[in-house]
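Asks: What follows is run09.tsv, made up of TSV, C-alpha atoms and all ligand atoms:
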```tsv
chain	number	residue	atom	x	y	z
G	1	MET	CA	-26.69	4.50	-41.47
G	2	THR	CA	-30.02	6.29	-41.13
G	3	GLU	CA	-30.76	8.71	-38.29
G	4	THR	CA	-33.11	7.38	-35.63
G	5	THR	CA	-34.31	8.40	-32.19
G	6	ASP	CA	-35.85	5.01	-31.44
G	7	LEU	CA	-34.08	3.96	-28.21
G	8	ALA	CA	-34.46	0.25	-28.79
G	9	GLU	CA	-32.90	0.68	-32.22
G	10	LEU	CA	-30.04	2.82	-30.83
G	11	GLU	CA	-29.34	0.21	-28.19
G	12	ARG	CA	-29.35	-2.56	-30.75
G	13	ARG	CA	-26.79	-0.62	-32.80
G	14	ALA	CA	-24.62	0.05	-29.76
G	15	ALA	CA	-24.66	-3.67	-28.92
G	16	GLU	CA	-23.60	-4.41	-32.48
G	17	ARG	CA	-20.63	-2.09	-32.10
G	18	GLY	CA	-19.41	-4.27	-29.24
G	19	PRO	CA	-17.90	-3.22	-25.92
G	20	VAL	CA	-17.10	0.42	-25.16
G	21	TYR	CA	-13.64	1.48	-26.39
G	22	GLY	CA	-11.14	1.19	-23.59
G	23	GLU	CA	-13.46	-0.58	-21.17
G	24	GLY	CA	-11.33	-1.84	-18.29
G	25	ALA	CA	-8.40	0.45	-19.16
G	26	HIS	CA	-7.16	2.87	-16.51
G	27	ILE	CA	-6.20	5.59	-18.97
G	28	VAL	CA	-8.22	6.08	-22.14
G	29	CYS	CA	-7.61	8.66	-24.85
G	30	ASP	CA	-9.83	8.45	-27.88
G	31	ASN	CA	-9.22	10.88	-30.72
G	32	LEU	CA	-7.86	13.41	-28.25
G	33	VAL	CA	-7.30	16.93	-29.60
G	34	ARG	CA	-5.66	19.94	-27.96
G	35	ILE	CA	-5.41	23.18	-29.87
G	36	TYR	CA	-3.60	26.16	-28.36
G	37	LYS	CA	-4.63	29.61	-29.53
G	38	THR	CA	-2.24	32.48	-29.00
G	39	ASP	CA	-2.62	35.83	-30.78
G	40	GLY	CA	-4.97	34.29	-33.32
G	41	ILE	CA	-2.48	31.56	-34.23
G	42	GLU	CA	-3.53	27.98	-33.69
G	43	VAL	CA	-1.12	25.25	-32.69
G	44	VAL	CA	-2.48	21.72	-32.84
G	45	ALA	CA	-0.49	20.03	-30.09
G	46	LEU	CA	-2.53	16.81	-30.08
G	47	GLN	CA	-4.30	15.80	-33.26
G	48	GLY	CA	-6.44	12.76	-32.58
G	49	LEU	CA	-4.34	10.81	-30.12
G	50	ASP	CA	-5.46	7.31	-29.11
G	51	LEU	CA	-4.04	5.59	-26.05
G	52	LEU	CA	-5.04	2.76	-23.72
G	53	ILE	CA	-3.18	1.91	-20.52
G	54	ASP	CA	-4.26	-0.89	-18.18
G	55	PRO	CA	-4.38	-0.66	-14.39
G	56	GLY	CA	-0.97	-1.26	-12.85
G	57	GLU	CA	1.03	-0.81	-16.05
G	58	LEU	CA	4.36	1.02	-16.17
G	59	VAL	CA	4.61	2.74	-19.54
G	60	ALA	CA	7.22	5.05	-21.08
G	61	ILE	CA	6.29	7.75	-23.57
G	62	VAL	CA	8.95	8.94	-25.99
G	63	GLY	CA	8.98	11.42	-28.87
G	64	ALA	CA	10.81	14.40	-30.34
G	65	SER	CA	10.63	17.77	-28.65
G	66	GLY	CA	7.32	19.45	-29.51
G	67	SER	CA	5.52	16.19	-30.32
G	68	GLY	CA	2.91	16.77	-27.60
G	69	LYS	CA	4.17	14.68	-24.67
G	70	SER	CA	3.81	17.39	-22.02
G	71	THR	CA	0.44	18.45	-23.42
G	72	LEU	CA	-0.78	14.87	-23.02
G	73	LEU	CA	0.49	14.56	-19.45
G	74	ASN	CA	-0.98	17.93	-18.46
G	75	ILE	CA	-4.36	16.75	-19.72
G	76	LEU	CA	-4.14	13.37	-17.98
G	77	SER	CA	-3.25	15.11	-14.72
G	78	GLY	CA	-6.27	17.41	-14.94
G	79	LEU	CA	-4.15	20.58	-15.22
G	80	ASP	CA	-5.16	21.29	-18.79
G	81	VAL	CA	-8.46	20.69	-20.58
G	82	PRO	CA	-8.56	19.07	-24.03
G	83	THR	CA	-10.27	20.76	-26.98
G	84	ALA	CA	-12.08	17.62	-28.18
G	85	GLY	CA	-12.11	13.85	-27.97
G	86	VAL	CA	-12.25	11.54	-24.97
G	87	ALA	CA	-9.86	11.44	-22.02
G	88	ARG	CA	-10.67	9.23	-19.05
G	89	VAL	CA	-8.37	8.54	-16.13
G	90	ALA	CA	-9.32	6.11	-13.35
G	91	GLY	CA	-12.97	6.46	-14.30
G	92	SER	CA	-13.01	10.28	-14.37
G	93	ASP	CA	-14.00	12.03	-17.57
G	94	LEU	CA	-11.55	14.88	-18.05
G	95	LEU	CA	-13.68	16.77	-20.57
G	96	THR	CA	-16.93	17.01	-18.67
G	97	MET	CA	-15.53	17.24	-15.15
G	98	ALA	CA	-16.71	20.23	-13.07
G	99	SER	CA	-14.08	22.34	-11.30
G	100	LYS	CA	-14.78	20.87	-7.86
G	101	GLU	CA	-14.36	17.33	-9.20
G	102	ARG	CA	-11.22	18.43	-11.01
G	103	LEU	CA	-9.72	19.63	-7.76
G	104	GLU	CA	-10.54	16.34	-6.03
G	105	PHE	CA	-9.22	14.41	-9.00
G	106	ARG	CA	-5.90	16.23	-8.82
G	107	ARG	CA	-5.66	15.87	-5.08
G	108	GLU	CA	-6.62	12.23	-4.77
G	109	LYS	CA	-6.47	10.30	-8.02
G	110	VAL	CA	-3.23	11.40	-9.68
G	111	GLY	CA	0.28	12.22	-8.56
G	112	PHE	CA	2.57	14.31	-10.75
G	113	ILE	CA	6.35	14.69	-10.97
G	114	TRP	CA	7.92	17.50	-13.00
G	115	GLN	CA	11.30	17.57	-14.66
G	116	GLN	CA	12.50	20.63	-12.74
G	117	THR	CA	13.44	19.38	-9.28
G	118	SER	CA	12.70	22.86	-7.87
G	119	ARG	CA	9.10	22.69	-9.08
G	120	ASN	CA	8.24	19.54	-7.12
G	121	LEU	CA	9.11	20.59	-3.57
G	122	LEU	CA	8.52	23.68	-1.44
G	123	PRO	CA	11.95	25.08	-0.54
G	124	TYR	CA	11.11	26.18	3.01
G	125	LEU	CA	9.73	22.80	4.09
G	126	THR	CA	11.74	19.71	5.02
G	127	ALA	CA	11.43	16.53	2.96
G	128	ALA	CA	9.01	15.00	5.50
G	129	GLN	CA	6.91	18.20	5.64
G	130	ASN	CA	6.74	18.23	1.83
G	131	VAL	CA	5.43	14.65	1.84
G	132	GLU	CA	2.92	15.49	4.57
G	133	LEU	CA	1.53	18.57	2.85
G	134	PRO	CA	-0.84	16.84	0.38
G	135	MET	CA	-2.07	14.64	3.25
G	136	ARG	CA	-2.82	17.79	5.26
G	137	PHE	CA	-4.95	19.11	2.38
G	138	ALA	CA	-6.76	15.77	2.35
G	139	GLY	CA	-7.53	16.14	6.05
G	140	ARG	CA	-5.46	13.23	7.39
G	141	SER	CA	-4.50	13.14	11.05
G	142	ARG	CA	-1.09	14.32	12.22
G	143	ARG	CA	-0.11	10.83	13.34
G	144	GLU	CA	-1.18	9.21	10.09
G	145	ARG	CA	0.74	11.83	8.11
G	146	ALA	CA	3.95	11.36	10.05
G	147	THR	CA	3.78	7.57	9.83
G	148	ARG	CA	3.07	7.49	6.12
G	149	ALA	CA	5.72	10.12	5.27
G	150	ALA	CA	8.35	8.09	7.13
G	151	GLU	CA	7.24	4.89	5.40
G	152	LEU	CA	7.34	6.40	1.94
G	153	LEU	CA	10.71	8.09	2.41
G	154	GLY	CA	12.09	4.80	3.71
G	155	MET	CA	10.68	2.84	0.80
G	156	LEU	CA	12.35	5.23	-1.65
G	157	ASP	CA	15.71	5.08	0.17
G	158	VAL	CA	15.63	8.70	1.33
G	159	GLY	CA	14.62	8.06	4.94
G	160	ASP	CA	17.78	9.79	6.16
G	161	CYS	CA	16.78	12.98	4.29
G	162	ALA	CA	13.53	13.48	6.22
G	163	SER	CA	14.53	16.58	8.14
G	164	ARG	CA	16.51	18.30	5.35
G	165	ARG	CA	15.26	21.06	3.07
G	166	PRO	CA	15.50	20.76	-0.74
G	167	ALA	CA	18.60	23.01	-0.92
G	168	GLU	CA	20.42	20.49	1.27
G	169	LEU	CA	19.56	17.57	-1.02
G	170	SER	CA	21.00	16.27	-4.32
G	171	GLY	CA	18.89	16.34	-7.49
G	172	GLY	CA	18.33	12.59	-7.30
G	173	GLU	CA	17.24	12.78	-3.66
G	174	GLN	CA	14.87	15.64	-4.47
G	175	GLN	CA	13.23	13.64	-7.26
G	176	ARG	CA	12.81	10.58	-5.04
G	177	ILE	CA	11.18	12.78	-2.41
G	178	ALA	CA	9.00	14.27	-5.16
G	179	ILE	CA	7.82	10.72	-5.92
G	180	ALA	CA	6.93	10.29	-2.24
G	181	VAL	CA	4.95	13.58	-2.39
G	182	ALA	CA	3.18	12.41	-5.55
G	183	VAL	CA	2.01	9.15	-3.96
G	184	ALA	CA	1.28	10.54	-0.49
G	185	ASN	CA	-2.50	10.39	-0.93
G	186	GLU	CA	-2.41	6.96	-2.57
G	187	PRO	CA	-3.30	8.07	-6.09
G	188	GLN	CA	-4.27	5.40	-8.60
G	189	VAL	CA	-2.15	6.99	-11.30
G	190	VAL	CA	1.34	8.55	-11.28
G	191	LEU	CA	2.46	10.78	-14.14
G	192	ALA	CA	6.05	11.96	-14.54
G	193	ASP	CA	7.21	14.41	-17.21
G	194	GLU	CA	10.92	13.77	-17.88
G	195	PRO	CA	11.61	13.24	-14.18
G	196	THR	CA	15.24	12.32	-14.87
G	197	GLY	CA	15.89	14.99	-17.50
G	198	GLU	CA	18.13	17.11	-15.27
G	199	LEU	CA	20.09	14.20	-13.80
G	200	ASP	CA	23.22	12.31	-14.79
G	201	THR	CA	22.83	8.71	-15.95
G	202	ALA	CA	23.61	6.95	-12.68
G	203	THR	CA	21.33	9.23	-10.64
G	204	ALA	CA	18.59	8.92	-13.26
G	205	ALA	CA	18.72	5.12	-12.94
G	206	GLY	CA	18.13	5.44	-9.18
G	207	VAL	CA	15.14	7.74	-9.66
G	208	PHE	CA	13.66	5.44	-12.25
G	209	ALA	CA	14.13	2.48	-9.90
G	210	ALA	CA	12.14	4.45	-7.31
G	211	LEU	CA	9.29	4.94	-9.79
G	212	ARG	CA	9.36	1.26	-10.58
G	213	ARG	CA	9.21	0.37	-6.90
G	214	VAL	CA	6.13	2.58	-6.44
G	215	ASN	CA	4.55	0.88	-9.45
G	216	GLU	CA	5.31	-2.61	-8.14
G	217	GLU	CA	4.66	-2.12	-4.43
G	218	LEU	CA	1.74	0.30	-4.50
G	219	GLY	CA	0.29	-0.93	-7.79
G	220	THR	CA	-0.05	2.58	-9.23
G	221	THR	CA	-0.50	2.89	-12.97
G	222	THR	CA	2.61	4.84	-13.99
G	223	VAL	CA	3.33	6.89	-17.12
G	224	VAL	CA	6.82	8.32	-17.57
G	225	VAL	CA	7.76	10.72	-20.36
G	226	THR	CA	11.45	10.29	-21.06
G	227	HIS	CA	14.29	11.02	-23.46
G	228	ASP	CA	16.38	8.45	-21.70
G	229	ALA	CA	16.80	5.33	-23.87
G	230	GLN	CA	17.89	3.39	-20.77
G	231	VAL	CA	14.58	4.11	-19.10
G	232	SER	CA	12.51	3.14	-22.10
G	233	GLU	CA	14.46	-0.12	-22.27
G	234	ARG	CA	13.49	-1.00	-18.73
G	235	VAL	CA	9.72	-0.87	-19.16
G	236	ASP	CA	7.43	-3.45	-20.73
G	237	ARG	CA	5.80	-0.98	-23.07
G	238	THR	CA	7.14	2.17	-24.75
G	239	ILE	CA	4.79	4.35	-26.74
G	240	GLY	CA	6.13	6.73	-29.37
G	241	ILE	CA	4.35	10.02	-30.08
G	242	ARG	CA	4.81	11.81	-33.39
G	243	ASP	CA	3.08	15.06	-34.34
G	244	GLY	CA	0.49	14.80	-31.59
G	245	ARG	CA	-0.47	11.18	-32.27
G	246	THR	CA	0.62	7.84	-30.89
G	247	SER	CA	2.59	6.24	-33.72
G	248	VAL	CA	4.62	3.25	-32.60
G	249	GLU	CA	4.78	0.91	-29.68
G	250	VAL	CA	7.65	-1.27	-28.49
G	251	ARG	CA	6.88	-4.22	-26.25
G	252	ARG	CA	9.53	-6.05	-24.29
G	253	ARG	CA	9.08	-9.32	-22.48
G	254	SER	CA	11.26	-12.05	-21.01
G	255	GLU	CA	11.15	-15.57	-22.38
G	256	ASP	CA	11.21	-18.52	-20.00
G	257	ASP	CA	14.97	-18.90	-20.51
G	258	GLY	CA	15.52	-15.25	-19.57
G	259	THR	CA	16.17	-13.80	-23.03
G	260	ARG	CA	14.54	-10.43	-23.64
G	261	VAL	CA	12.29	-10.19	-26.67
G	262	VAL	CA	11.68	-6.82	-28.27
G	263	GLU	CA	8.75	-6.38	-30.63
G	264	GLU	CA	7.95	-3.19	-32.50
G	265	TYR	CA	4.44	-2.32	-33.62
G	266	ALA	CA	2.79	0.44	-35.58
G	267	LEU	CA	-0.54	1.56	-34.12
G	268	LEU	CA	-3.73	1.10	-36.03
G	269	ASP	CA	-6.49	3.53	-35.14
G	270	ARG	CA	-10.16	2.71	-35.02
G	271	VAL	CA	-10.82	3.77	-38.60
G	272	GLY	CA	-7.84	1.82	-39.89
G	273	ARG	CA	-5.10	4.47	-40.17
G	274	VAL	CA	-1.47	3.44	-39.71
G	275	GLN	CA	1.53	5.74	-39.59
G	276	LEU	CA	4.45	4.23	-41.49
G	277	PRO	CA	7.84	4.78	-39.84
G	278	LYS	CA	9.87	7.55	-41.47
G	279	GLY	CA	12.66	5.08	-42.20
G	280	PHE	CA	10.26	2.96	-44.27
G	281	THR	CA	8.73	5.80	-46.28
G	282	GLU	CA	12.17	7.22	-47.04
G	283	ALA	CA	13.75	3.90	-47.96
G	284	LEU	CA	11.16	3.26	-50.69
G	285	ASP	CA	10.41	6.91	-51.40
G	286	LEU	CA	6.76	6.41	-50.48
G	287	ARG	CA	4.80	9.64	-50.99
G	288	ASP	CA	1.28	10.98	-51.40
G	289	ARG	CA	-0.22	7.69	-52.45
G	290	VAL	CA	0.66	4.00	-52.15
G	291	ARG	CA	-0.77	0.81	-53.58
G	292	LEU	CA	-2.13	-1.74	-51.10
G	293	ALA	CA	-2.75	-5.44	-51.52
G	294	LEU	CA	-4.48	-7.79	-49.16
G	295	GLU	CA	-2.67	-11.09	-48.80
G	296	SER	CA	-3.87	-14.07	-46.76
G	297	ASP	CA	-1.83	-13.08	-43.69
G	298	HIS	CA	-0.51	-9.54	-44.30
G	299	VAL	CA	-1.05	-6.31	-46.19
G	300	GLY	CA	1.46	-5.19	-48.81
G	301	VAL	CA	2.33	-1.51	-49.41
G	302	TRP	CA	3.97	-0.46	-52.71
G	303	PRO	CA	5.15	2.90	-54.04
G	304	ASP	CA	2.93	4.43	-56.68
G	305	ARG	CA	5.37	4.31	-59.59
G	306	GLU	CA	4.98	3.68	-63.30
G	307	GLU	CA	6.66	0.43	-64.31
G	308	SER	CA	9.53	1.25	-66.65
Q	401	LIG	P1	6.80	18.02	-25.86
Q	401	LIG	O1	6.54	17.94	-24.40
Q	401	LIG	O2	6.68	16.72	-26.57
Q	401	LIG	O3	8.12	18.66	-26.16
Q	401	LIG	P2	4.61	19.94	-25.88
Q	401	LIG	O4	3.42	19.16	-25.48
Q	401	LIG	O5	5.23	20.80	-24.85
Q	401	LIG	O6	5.68	18.95	-26.53
Q	401	LIG	O7	4.22	20.87	-27.12
Q	401	LIG	C1	3.52	20.42	-28.26
Q	401	LIG	C2	3.26	21.60	-29.17
Q	401	LIG	O8	2.34	22.50	-28.57
Q	401	LIG	C3	4.49	22.42	-29.50
Q	401	LIG	O9	4.38	22.86	-30.84
Q	401	LIG	C4	4.42	23.56	-28.54
Q	401	LIG	O10	5.05	24.70	-29.05
Q	401	LIG	C5	2.91	23.78	-28.43
Q	401	LIG	N1	2.52	24.32	-27.10
Q	401	LIG	C6	2.70	23.70	-25.90
Q	401	LIG	N2	2.19	24.44	-24.90
Q	401	LIG	C7	1.69	25.56	-25.47
Q	401	LIG	C8	1.00	26.72	-24.96
Q	401	LIG	N3	0.74	26.88	-23.66
Q	401	LIG	N4	0.62	27.69	-25.85
Q	401	LIG	C9	0.86	27.53	-27.17
Q	401	LIG	N5	1.48	26.47	-27.72
Q	401	LIG	C10	1.90	25.48	-26.88
Q	402	MG	MG	7.72	18.38	-22.73
```
Please express the file's structure as structure tokens.

Replies:
Amino acid sequence: MTETTDLAELERRAAERGPVYGEGAHIVCDNLVRIYKTDGIEVVALQGLDLLIDPGELVAIVGASGSGKSTLLNILSGLDVPTAGVARVAGSDLLTMASKERLEFRREKVGFIWQQTSRNLLPYLTAAQNVELPMRFAGRSRRERATRAAELLGMLDVGDCASRRPAELSGGEQQRIAIAVAVANEPQVVLADEPTGELDTATAAGVFAALRRVNEELGTTTVVVTHDAQVSERVDRTIGIRDGRTSVEVRRRSEDDGTRVVEEYALLDRVGRVQLPKGFTEALDLRDRVRLALESDHVGVWPDREES
């Protein structure tokens, strides 16, 4: 396509391209890149990651250690700044945002829950005081803070823990209180990085149920990074990350008769790239180059081998 500065022509071309990528989505990553530089060595933690999440969705993110899950969540929470690409959360552009906006974004639009229970709560404050703290920063009245803290702790089944300090609470209780802290200022988005990673299975199920309740009752868009297969089975959409890119997606839904249907997809990026599952490439020894054929309703992929 030829270069032009004619606005009418540029607009015509934009209209031809159709709607903006991710319009209507609550979380949009388009070709997101994050490169870490330490001592002259570059680590590409995210290499062109695409992701769309709709308002009110509850999504699990899974992937091997080092695949870029925490990097992604740190960017979406406004803690870290991407190197290139597009990242938008609840209408805020995370690449161009000024530091004042970034602070407001972190205080009001997103809530974050870390894996380490000790990182989520201040040890010298009670559970209720921990939940009230973000509301204090946001300038809410004392009465409003107390009422909302009690409501949230009650909703997450830790109402009886209100006056205890973290050291007097179990890991599961601490994480449920951390969820209350995260949603104190009514954020539109909740992000949790392996929130059940330090807990046993039964406790983890309780914490996940608390996240689900927040998602259902407060309508917050919720993204949970997890290793826990049980958790990823209980969400409607699980997104797999491999080498800093979204690679597969599993969707689960219930049929009218109650049976659960599980469908697995590979993700197709905007220029047509697909990552084949490792199991497929290994099974047929697919390497370097494959032959493709367009059929009426599917695309065939064959190994590049001489016929013998
Ligand atoms: P995950 O959470 O999936 O285990 P991470 O997002 O923590 O993965 O890490 C992705 C890659 O980026 C890894 O190779 C990791 O070593 C690297 N990485 C993460 N954080 C940093 C950092 N602050 N400095 C340099 N490299 C980092
Ligand atoms: Mg991580």

Asks: Set the distance at 6 Å and use all atoms listed in the file: which residues neighbour segment 204-217 of chain G once local chain neighbours fewer than 4 positions away are removed? I'd like the list as a count of residues only.

Replies: 5

Asks: How many Å separate atom CA of Ser70 of chain G from atom CA of Pro134 of chain G?

Replies: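 It comes out at 22.9 Å.
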
Asks: List all protein, DNA and RNA residues that have any atom at most 7 Å from ligand MG 402 (chain Q), counting only C-alpha atoms and all ligand atoms, and write the list as a compact mmCIF listing (two decimals) with C-alpha atoms, in the coordinates of the input.

Replies:
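Contents of result05.txt, freshly written:
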```txt
# COMPACT_ATOMS: atom_id res chain seq x y z
CA SER G 65 10.63 17.77 -28.65
CA GLY G 66 7.32 19.45 -29.51
CA LYS G 69 4.17 14.68 -24.67
CA SER G 70 3.81 17.39 -22.02
CA ASP G 193 7.21 14.41 -17.21
```

Asks: Here is a test: counting all atoms listed in the file, which residue of G:Gly159, G:Gly240, G:Gly22, G:Gly40 is nearest to Leu267 of chain G?

Replies: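 That would be G:Gly240, the residue with the smallest distance to Leu267 of chain G.
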
Asks: Kindly compile the residues surrounding ligand LIG 401 (chain Q) within 9 Å, counting all atoms listed in the file, and format them as a PyMOL selection string.

Replies: chain G and resi 34-38+41-46+62-74+193-194+225+241-244

Asks: Skip Arg234 of chain G itself and residues of its chain fewer than 5 positions away, then list as number ranges by chain all residues within 12 Å of it, counting all atoms listed in the file.

Replies: G: 58-60, 205, 208-209, 211-212, 224, 226, 228-229, 250-254, 260, 262

Asks: Please report, as a tab-separated table, each residue of segment 84-145 of chain G lying at most 8 Å from segment 185-188 of chain G, together with the nearest pair of atoms and the separation in Å rounded to one decimal; use all atoms listed in the file, and order rows by chain and ascending residue number.

Replies:
```
residue	atom	partner	partner_atom	distance
G:Ala90	CA	G:Gln188	CA	7.0
G:Arg107	CA	G:Asn185	CA	7.6
G:Glu108	CA	G:Pro187	CA	5.5
G:Lys109	CA	G:Pro187	CA	4.3
G:Val110	CA	G:Pro187	CA	4.9
G:Gly111	CA	G:Pro187	CA	6.0
G:Pro134	CA	G:Asn185	CA	6.8
G:Met135	CA	G:Asn185	CA	6.0
G:Ala138	CA	G:Asn185	CA	7.6
```

Asks: Nearest to His227 of chain G: which of G:Pro195, G:Gly85, G:Leu284, G:Arg245 is it, counting all atoms listed in the file?

Replies: G:Pro195

Asks: What's the 7 Å shell around Pro82 of chain G, counting only C-alpha atoms, without same-chain residues fewer than 2 positions away, as a PyMOL selection string?

Replies: chain G and resi 33-34+75+80+84+95

Asks: Just checking: using only C-alpha atoms, which residue out of G:Ala192, G:Leu121, G:Val131, G:Ile61 ends up closest to Gly171 of chain G?

Replies: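 The answer is G:Leu121, which sits nearest to Gly171 of chain G.
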
Asks: List the spatial neighbours of Ala178 of chain G as a list in words - criterion: any atom at most 9 Å away, only C-alpha atoms, same-chain residues fewer than 6 positions off excluded.

Replies: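 The contact residues come out as Phe112, Ile113, Trp114, Thr117, Asn120, Leu121, Ala127, Asn130 and Val131 of chain G.
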
Asks: Kindly give the distance, in Å, that separates atom CA of Ala128 of chain G and atom CA of Ala149 of chain G, rounded to a single decimal.

Replies: 5.9 Å

Asks: For atom CA of Leu10 of chain G and atom CA of Gln47 of chain G, quote the distance in Å rounded to one decimal.

Replies: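 Atom CA of Gln47 of chain G lies 28.9 Å from atom CA of Leu10 of chain G.
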
Asks: Rank G:Val183, G:Val274, G:Leu286, G:Leu32 by their smallest atom-to-atom distance to Val299 of chain G, using only C-alpha atoms, and report the top residue only.

Replies: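 Looking at the shortest contact to Val299 of chain G, the residue is G:Val274.
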
Asks: Name all residues at most 8 Å from segment 51-53 of chain G (count only C-alpha atoms; drop same-chain ones fewer than 6 positions away) and give them as number ranges by chain.

Replies: G: 22, 25-30, 59, 246

Asks: Could those selected residues go to a file with C-alpha atoms, as a PDB file, in the coordinates of the input?

Replies:
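That gives us out_20.pdb:
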```pdb
ATOM      1  CA  GLY G  22     -11.140   1.190 -23.590  1.00  0.00           C
ATOM      2  CA  ALA G  25      -8.400   0.450 -19.160  1.00  0.00           C
ATOM      3  CA  HIS G  26      -7.160   2.870 -16.510  1.00  0.00           C
ATOM      4  CA  ILE G  27      -6.200   5.590 -18.970  1.00  0.00           C
ATOM      5  CA  VAL G  28      -8.220   6.080 -22.140  1.00  0.00           C
ATOM      6  CA  CYS G  29      -7.610   8.660 -24.850  1.00  0.00           C
ATOM      7  CA  ASP G  30      -9.830   8.450 -27.880  1.00  0.00           C
ATOM      8  CA  VAL G  59       4.610   2.740 -19.540  1.00  0.00           C
ATOM      9  CA  THR G 246       0.620   7.840 -30.890  1.00  0.00           C
TER      10      THR G 246
END
```
